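Peer 1: Sharing final_29.cif, mmCIF, C-alpha atoms:
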```
data_input
#
loop_
_atom_site.label_atom_id
_atom_site.label_comp_id
_atom_site.auth_asym_id
_atom_site.auth_seq_id
_atom_site.Cartn_x
_atom_site.Cartn_y
_atom_site.Cartn_z
CA MET A 240 24.58 -12.64 16.45
CA ARG A 241 24.11 -8.91 15.87
CA GLU A 242 22.35 -6.70 18.39
CA ILE A 243 19.93 -3.92 17.44
CA THR A 244 18.51 -1.72 20.18
CA VAL A 245 14.85 -0.87 20.48
CA GLN A 246 15.85 2.80 20.55
CA GLU A 247 17.25 2.48 17.02
CA ILE A 248 13.99 0.88 15.92
CA THR A 249 11.83 3.56 17.54
CA ASP A 250 13.87 6.40 16.03
CA THR A 251 13.73 4.80 12.59
CA VAL A 252 9.98 4.16 12.67
CA ALA A 253 9.30 7.74 13.80
CA ARG A 254 11.32 9.12 10.89
CA LEU A 255 9.74 6.77 8.36
CA CYS A 256 6.22 7.74 9.49
CA MET A 257 6.94 11.37 8.70
CA ASP A 258 8.88 10.73 5.49
CA ALA A 259 6.21 8.40 4.11
CA ASN A 260 3.53 11.04 4.64
CA TYR A 261 5.59 13.93 3.24
CA TYR A 262 7.44 12.46 0.25
CA LEU A 263 5.88 10.52 -2.61
CA PRO A 264 8.32 7.83 -3.88
CA GLU A 265 10.23 8.69 -7.05
CA ASP A 266 8.79 5.74 -8.98
CA VAL A 267 5.25 6.91 -8.22
CA LEU A 268 6.07 10.48 -9.27
CA ALA A 269 7.60 9.24 -12.53
CA SER A 270 4.55 7.08 -13.22
CA LEU A 271 2.18 10.00 -12.56
CA GLN A 272 4.21 12.23 -14.87
CA ALA A 273 4.17 9.60 -17.63
CA ALA A 274 0.42 9.16 -17.14
CA ARG A 275 -0.07 12.91 -17.43
CA GLU A 276 1.71 12.96 -20.79
CA ALA A 277 -0.28 9.99 -22.11
CA GLU A 278 -3.72 10.94 -20.74
CA PRO A 279 -6.07 11.88 -23.63
CA SER A 280 -8.68 13.57 -21.43
CA PRO A 281 -8.07 17.32 -20.84
CA VAL A 282 -9.80 17.07 -17.46
CA GLY A 283 -7.70 14.01 -16.62
CA LYS A 284 -4.52 15.91 -17.48
CA GLU A 285 -5.60 18.80 -15.27
CA VAL A 286 -6.28 16.47 -12.35
CA LEU A 287 -2.88 14.81 -12.75
CA ASP A 288 -1.25 18.26 -12.84
CA ARG A 289 -2.89 19.09 -9.50
CA ILE A 290 -1.79 15.75 -8.00
CA LEU A 291 1.82 16.42 -9.05
CA GLU A 292 1.62 19.99 -7.75
CA ASN A 293 0.30 18.71 -4.43
CA ALA A 294 3.19 16.25 -4.14
CA GLU A 295 5.70 19.03 -4.77
CA ILE A 296 4.12 21.29 -2.14
CA ALA A 297 4.12 18.44 0.39
CA ARG A 298 7.81 17.75 -0.30
CA ARG A 299 8.82 21.40 -0.16
CA GLU A 300 6.80 22.32 2.92
CA GLN A 301 7.22 18.95 4.69
CA MET A 302 3.51 18.54 5.16
CA PRO A 303 1.22 15.56 4.55
CA LEU A 304 0.40 14.58 0.97
CA CYS A 305 -3.18 13.90 2.11
CA GLN A 306 -5.24 14.84 5.14
CA ASP A 307 -5.76 11.10 5.73
CA THR A 308 -2.36 10.09 7.07
CA GLY A 309 -3.50 6.51 7.40
CA LEU A 310 -3.40 3.61 9.75
CA THR A 311 0.28 2.69 10.05
CA VAL A 312 1.15 -0.66 8.50
CA VAL A 313 4.68 -1.89 9.24
CA PHE A 314 6.43 -4.71 7.40
CA LEU A 315 9.45 -6.23 9.14
CA GLU A 316 12.06 -8.52 7.62
CA ILE A 317 14.08 -9.72 10.60
CA GLY A 318 17.38 -11.45 9.97
CA GLN A 319 17.57 -14.70 11.93
CA GLU A 320 20.95 -13.58 13.29
CA VAL A 321 19.52 -10.38 14.79
CA HIS A 322 18.91 -9.99 18.51
CA ILE A 323 16.63 -7.13 19.59
CA VAL A 324 17.83 -5.69 22.90
CA GLY A 325 16.61 -3.10 25.37
CA GLY A 326 12.90 -3.85 25.33
CA GLY A 327 10.05 -5.28 23.30
CA LEU A 328 9.95 -5.05 19.51
CA VAL A 329 6.22 -4.33 19.19
CA GLU A 330 6.30 -1.57 21.79
CA ALA A 331 9.38 -0.07 20.11
CA ILE A 332 7.48 0.13 16.82
CA ASN A 333 4.39 1.60 18.43
CA GLU A 334 6.49 4.16 20.27
CA GLY A 335 8.00 5.13 16.90
CA VAL A 336 4.53 5.54 15.40
CA ARG A 337 3.45 7.55 18.44
CA ARG A 338 6.43 9.89 18.12
CA GLY A 339 6.23 10.18 14.36
CA TYR A 340 2.57 11.15 14.34
CA LEU A 341 2.85 13.55 17.26
CA GLU A 342 6.09 15.25 16.22
CA GLY A 343 5.15 15.28 12.54
CA TYR A 344 1.72 16.83 13.18
CA LEU A 345 0.08 13.94 11.34
CA ARG A 346 -3.63 13.25 11.74
CA LYS A 347 -4.43 10.54 14.25
CA SER A 348 -6.94 8.22 12.61
CA VAL A 349 -7.02 5.11 14.81
CA VAL A 350 -9.99 4.30 17.03
CA ALA A 351 -10.33 1.58 19.67
CA HIS A 352 -13.59 -0.31 20.33
CA PRO A 353 -14.25 -0.27 16.57
CA PHE A 354 -17.88 -1.45 16.65
CA SER A 355 -19.05 0.58 19.64
CA LYS A 356 -17.37 3.56 21.33
CA ARG A 357 -14.82 4.25 18.53
CA ILE A 358 -12.53 6.21 20.84
CA ASN A 359 -9.54 7.83 19.14
CA THR A 360 -6.26 6.49 20.56
CA ARG A 361 -4.81 9.99 20.01
CA ASP A 362 -1.40 8.82 18.76
CA ASN A 363 -2.26 6.56 15.75
CA THR A 364 -1.29 3.41 17.62
CA PRO A 365 -1.36 0.50 17.52
CA ALA A 366 0.31 -0.20 14.20
CA VAL A 367 -0.52 -3.25 12.09
CA ILE A 368 2.71 -5.25 12.03
CA HIS A 369 3.65 -8.00 9.57
CA THR A 370 6.79 -9.94 10.50
CA GLU A 371 8.91 -12.22 8.34
CA ILE A 372 12.06 -14.07 9.47
CA VAL A 373 14.75 -14.03 6.78
CA PRO A 374 18.43 -15.05 6.57
CA GLY A 375 21.06 -12.54 7.62
CA ASP A 376 21.85 -10.02 10.35
CA THR A 377 19.83 -6.97 9.30
CA LEU A 378 16.39 -5.63 10.10
CA LYS A 379 14.39 -4.11 7.23
CA ILE A 380 11.55 -1.83 8.30
CA THR A 381 8.93 -0.62 5.82
CA VAL A 382 6.29 1.86 6.96
CA ALA A 383 3.20 2.09 4.76
CA PRO A 384 0.42 4.41 6.01
CA LYS A 385 -2.90 3.12 4.58
CA GLY A 386 -5.73 5.58 4.09
CA GLY A 387 -9.32 4.65 4.83
CA GLY A 388 -10.72 5.59 1.43
CA SER A 389 -8.61 3.09 -0.47
CA GLU A 390 -8.65 0.41 2.24
CA ASN A 391 -12.45 0.47 2.28
CA MET A 392 -12.38 -0.53 -1.39
CA SER A 393 -10.93 -3.97 -0.63
CA PHE A 394 -12.55 -7.14 -1.91
CA LEU A 395 -12.23 -10.85 -1.08
CA GLY A 396 -13.44 -13.51 -3.47
CA MET A 397 -13.41 -17.22 -2.77
CA LEU A 398 -13.24 -18.29 -6.40
CA LYS A 399 -13.59 -21.84 -7.64
CA PRO A 400 -10.45 -23.42 -9.13
CA ALA A 401 -12.42 -23.84 -12.38
CA ASP A 402 -12.75 -20.04 -12.63
CA GLY A 403 -9.08 -19.98 -13.59
CA ARG A 404 -7.15 -17.04 -15.01
CA GLN A 405 -10.17 -15.39 -16.58
CA GLY A 406 -12.04 -15.58 -13.29
CA VAL A 407 -9.22 -13.70 -11.57
CA ILE A 408 -9.21 -11.00 -14.26
CA ASP A 409 -12.98 -10.55 -14.11
CA PHE A 410 -13.02 -10.40 -10.31
CA VAL A 411 -10.28 -7.75 -10.14
CA VAL A 412 -11.74 -5.60 -12.92
CA ASN A 413 -15.24 -5.79 -11.44
CA SER A 414 -13.83 -4.84 -8.04
CA VAL A 415 -12.15 -1.73 -9.47
CA ASP A 416 -15.35 -0.87 -11.33
CA LYS A 417 -17.36 -1.11 -8.09
CA ALA A 418 -14.78 1.04 -6.29
CA GLY A 419 -15.14 3.80 -8.88
CA ALA A 420 -13.78 7.14 -7.68
CA ASN A 421 -13.84 6.18 -3.98
CA PRO A 422 -10.15 5.17 -3.67
CA CYS A 423 -8.91 8.41 -5.32
CA PRO A 424 -7.57 7.20 -8.67
CA PRO A 425 -5.19 6.83 -10.35
CA ILE A 426 -4.70 3.79 -8.16
CA ILE A 427 -2.31 0.91 -7.75
CA VAL A 428 -4.18 -2.38 -7.61
CA GLY A 429 -2.70 -4.95 -5.24
CA VAL A 430 -3.86 -8.51 -5.90
CA GLY A 431 -3.24 -11.68 -3.92
CA VAL A 432 -4.08 -15.08 -5.39
CA GLY A 433 -3.85 -18.33 -3.44
CA GLY A 434 -3.00 -19.33 0.10
CA THR A 435 -5.70 -18.91 2.74
CA ILE A 436 -7.75 -15.75 3.25
CA ASP A 437 -5.22 -14.35 5.75
CA GLN A 438 -2.24 -15.14 3.53
CA THR A 439 -3.75 -13.84 0.31
CA THR A 440 -4.76 -10.61 2.06
CA ARG A 441 -1.21 -10.16 3.34
CA ILE A 442 0.44 -10.71 -0.04
CA ALA A 443 -2.08 -8.41 -1.76
CA LYS A 444 -1.11 -5.60 0.60
CA LYS A 445 2.61 -6.37 0.40
CA SER A 446 2.42 -6.23 -3.41
CA LEU A 447 1.73 -2.50 -3.09
CA LEU A 448 5.33 -2.01 -1.87
CA ARG A 449 6.75 -3.05 -5.24
CA GLN A 450 8.02 -0.28 -7.51
CA VAL A 451 5.33 0.90 -9.89
CA ASP A 452 7.48 0.24 -12.98
CA GLU A 453 8.51 -3.24 -11.79
CA ALA A 454 6.67 -6.19 -13.31
CA HIS A 455 6.47 -9.52 -11.51
CA PRO A 456 9.58 -11.66 -12.16
CA ASP A 457 7.43 -14.64 -13.22
CA PRO A 458 6.45 -14.00 -16.88
CA GLU A 459 3.07 -15.71 -16.41
CA VAL A 460 2.17 -13.44 -13.49
CA ALA A 461 3.56 -10.39 -15.30
CA ALA A 462 1.31 -11.15 -18.28
CA LEU A 463 -1.68 -11.40 -15.93
CA GLU A 464 -0.81 -7.99 -14.44
CA ALA A 465 -0.60 -6.43 -17.91
CA ASP A 466 -3.92 -7.91 -19.01
CA ILE A 467 -5.73 -6.71 -15.87
CA LEU A 468 -4.20 -3.22 -16.17
CA GLU A 469 -5.32 -2.92 -19.79
CA ARG A 470 -8.90 -3.83 -18.89
CA VAL A 471 -8.96 -1.60 -15.80
CA ASN A 472 -7.87 1.39 -17.85
CA ARG A 473 -10.66 0.70 -20.35
CA LEU A 474 -13.23 1.29 -17.59
CA GLY A 475 -13.02 5.05 -18.16
CA ILE A 476 -13.06 6.00 -14.46
CA GLY A 477 -9.95 8.16 -14.91
CA PRO A 478 -8.08 10.45 -12.51
CA GLN A 479 -10.22 11.20 -9.44
CA GLY A 480 -13.20 9.65 -11.25
CA PHE A 481 -13.55 12.48 -13.80
CA GLY A 482 -13.08 10.17 -16.77
CA GLY A 483 -10.07 9.30 -18.87
CA HIS A 484 -7.60 6.51 -19.50
CA THR A 485 -5.55 6.61 -16.29
CA THR A 486 -7.64 4.73 -13.76
CA ALA A 487 -4.65 2.69 -12.54
CA LEU A 488 -0.92 3.27 -12.69
CA ALA A 489 -0.15 -0.41 -12.14
CA VAL A 490 -1.49 -3.80 -11.15
CA HIS A 491 0.70 -5.85 -8.81
CA VAL A 492 -0.13 -9.54 -8.41
CA GLU A 493 1.40 -11.90 -5.87
CA THR A 494 0.58 -15.60 -5.64
CA PHE A 495 0.89 -18.38 -3.09
CA PRO A 496 0.15 -22.12 -3.34
CA CYS A 497 -3.34 -23.00 -2.15
CA HIS A 498 -5.62 -25.91 -1.31
CA ILE A 499 -6.83 -28.04 -4.22
CA ALA A 500 -10.42 -26.97 -3.54
CA SER A 501 -9.73 -23.23 -3.23
CA MET A 502 -8.67 -20.13 -5.13
CA PRO A 503 -8.98 -17.09 -2.87
CA VAL A 504 -8.42 -13.71 -4.52
CA VAL A 505 -8.01 -10.41 -2.68
CA VAL A 506 -7.99 -6.92 -4.18
CA ASN A 507 -6.32 -4.27 -2.00
CA ILE A 508 -6.31 -0.86 -3.67
CA GLN A 509 -3.82 1.93 -3.04
CA CYS A 510 -4.71 5.54 -3.84
CA HIS A 511 -2.43 7.83 -5.85
CA SER A 512 -0.72 8.84 -2.57
CA ALA A 513 1.13 5.53 -2.66
CA ARG A 514 3.10 6.17 0.51
CA HIS A 515 5.77 3.89 1.89
CA LYS A 516 9.34 4.31 3.11
CA GLU A 517 11.87 1.74 4.22
CA ALA A 518 15.15 1.51 6.11
CA VAL A 519 17.61 -1.28 6.82
CA LEU A 520 19.30 -1.48 10.24
#
```
Once more with this new file: its structure as structure tokens, please.

Peer 2:
Amino acid sequence: MREITVQEITDTVARLCMDANYYLPEDVLASLQAAREAEPSPVGKEVLDRILENAEIARREQMPLCQDTGLTVVFLEIGQEVHIVGGGLVEAINEGVRRGYLEGYLRKSVVAHPFSKRINTRDNTPAVIHTEIVPGDTLKITVAPKGGGSENMSFLGMLKPADGRQGVIDFVVNSVDKAGANPCPPIIVGVGVGGTIDQTTRIAKKSLLRQVDEAHPDPEVAALEADILERVNRLGIGPQGFGGHTTALAVHVETFPCHIASMPVVVNIQCHSARHKEAVL
């Protein structure tokens, strides 16, 4: 049994909150640069140049990539041989978010009483926490701030099993078409297929953590991703909705076994500020 203190967790979450908002991952930068070279639209190229310039300024000045610094989503992979000591795990994470957003001068975007008073919590807590127990004696923490503009362009479809592969493609492409410029393209399209509505939503969001240049290891799923991406980029929405080829940088699909009578599909879109950072304790 290996012990990890809540102080280590808090310190790590605070740092990851700031790093995720300041530094765009290298795979996302490389994908944006490749898209810029391939984009046929002059306006699209100009928009991608400004996105890349913005990312460089944020990195150099250690300031947020976007004014919307997101609701903090935290994915935990807890080794079954880990013992958390010194306090509660959830409070340790929320204290890290609190510190990260206050010390990093990040916008606080979380409101309590969501359908009535909508009072700002003033420290971006509480975080949304997804926990998975895995073998081993380490704790992997991934912080993924999720902006409102892209999160609002989420779609759930309870498809019929008979809709099959083509039904999934049509649903995802139609969802991106409806979203238009709202999620700040070029986007990454997270897709969950199967499970129950809670499970498919979770795997759709988790798919956004995959590297942009990394296809699904299952060839059948990878082929589905490629087919959806090709159709999405034929929509002509383009960077920031000004037209062009680069509507999406990638489509990431995750699947889970489901009931014989069901085929839930969730689309969870990530904007071009595809922010997430991870650490292993």

Peer 1: Considering only C-alpha atoms, tabulate each residue of range 459-492 of chain A that lies at most 7 Å from range 402-412 of chain A along with its nearest interatomic pair and the corresponding distance in Å to one decimal; arrange the rows by chain and ascending residue number and present them as JSON lines.

Peer 2:
```
{"residue": "A:Ile467", "atom": "CA", "partner": "A:Ile408", "partner_atom": "CA", "distance": 5.8}
{"residue": "A:Arg470", "atom": "CA", "partner": "A:Val412", "partner_atom": "CA", "distance": 6.8}
{"residue": "A:Val471", "atom": "CA", "partner": "A:Val412", "partner_atom": "CA", "distance": 5.7}
```

Peer 1: I'd like the residues picked by the PyMOL selection byres ((chain A and resi 426) around 9) written out as a PyMOL selection string, using the chain letters and numbers from the file.

Peer 2: chain A and resi 389+422-425+427-428+478+485-490+508-513

Peer 1: Enumerate, as a ChimeraX atom specification, the residues matched when the PyMOL selection byres ((chain A and resi 498) around 10) is run on the file above.

Peer 2: /A:400,433-435,496-497,499-503

Peer 1: Write the residues of the preceding selection, restricted to C-alpha atoms, as an mmCIF file, in the frame of the given file.

Peer 2:
```cif
data_model
loop_
_atom_site.group_PDB
_atom_site.id
_atom_site.type_symbol
_atom_site.label_atom_id
_atom_site.label_comp_id
_atom_site.auth_asym_id
_atom_site.auth_seq_id
_atom_site.Cartn_x
_atom_site.Cartn_y
_atom_site.Cartn_z
ATOM 1 C CA PRO A 400 -10.450 -23.420 -9.130
ATOM 2 C CA GLY A 433 -3.850 -18.330 -3.440
ATOM 3 C CA GLY A 434 -3.000 -19.330 0.100
ATOM 4 C CA THR A 435 -5.700 -18.910 2.740
ATOM 5 C CA PRO A 496 0.150 -22.120 -3.340
ATOM 6 C CA CYS A 497 -3.340 -23.000 -2.150
ATOM 7 C CA ILE A 499 -6.830 -28.040 -4.220
ATOM 8 C CA ALA A 500 -10.420 -26.970 -3.540
ATOM 9 C CA SER A 501 -9.730 -23.230 -3.230
ATOM 10 C CA MET A 502 -8.670 -20.130 -5.130
ATOM 11 C CA PRO A 503 -8.980 -17.090 -2.870
#
```

Peer 1: Taking the file as I've supplied it (selection: the PyMOL selection byres ((chain A and resi 273) around 12)), which residues are included? Please answer as a list in words.

Peer 2: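 This file gives the following for the PyMOL selection byres ((chain A and resi 273) around 12): Asp266, Val267, Leu268, Ala269, Ser270, Leu271, Gln272, Ala274, Arg275, Glu276, Ala277, Glu278, Lys284, Leu287, Asp288, Leu291, Val451, Asp452, Thr485 and Leu488 of chain A.
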
Peer 1: May I ask which of the residues A:Thr360, A:Ser446, A:Thr249, A:Gln438 is the closest one to Ala331 in chain A, counting all atoms listed in the file?

Peer 2: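 Counting all atoms listed in the file, the residue closest to Ala331 in chain A is A:Thr249.
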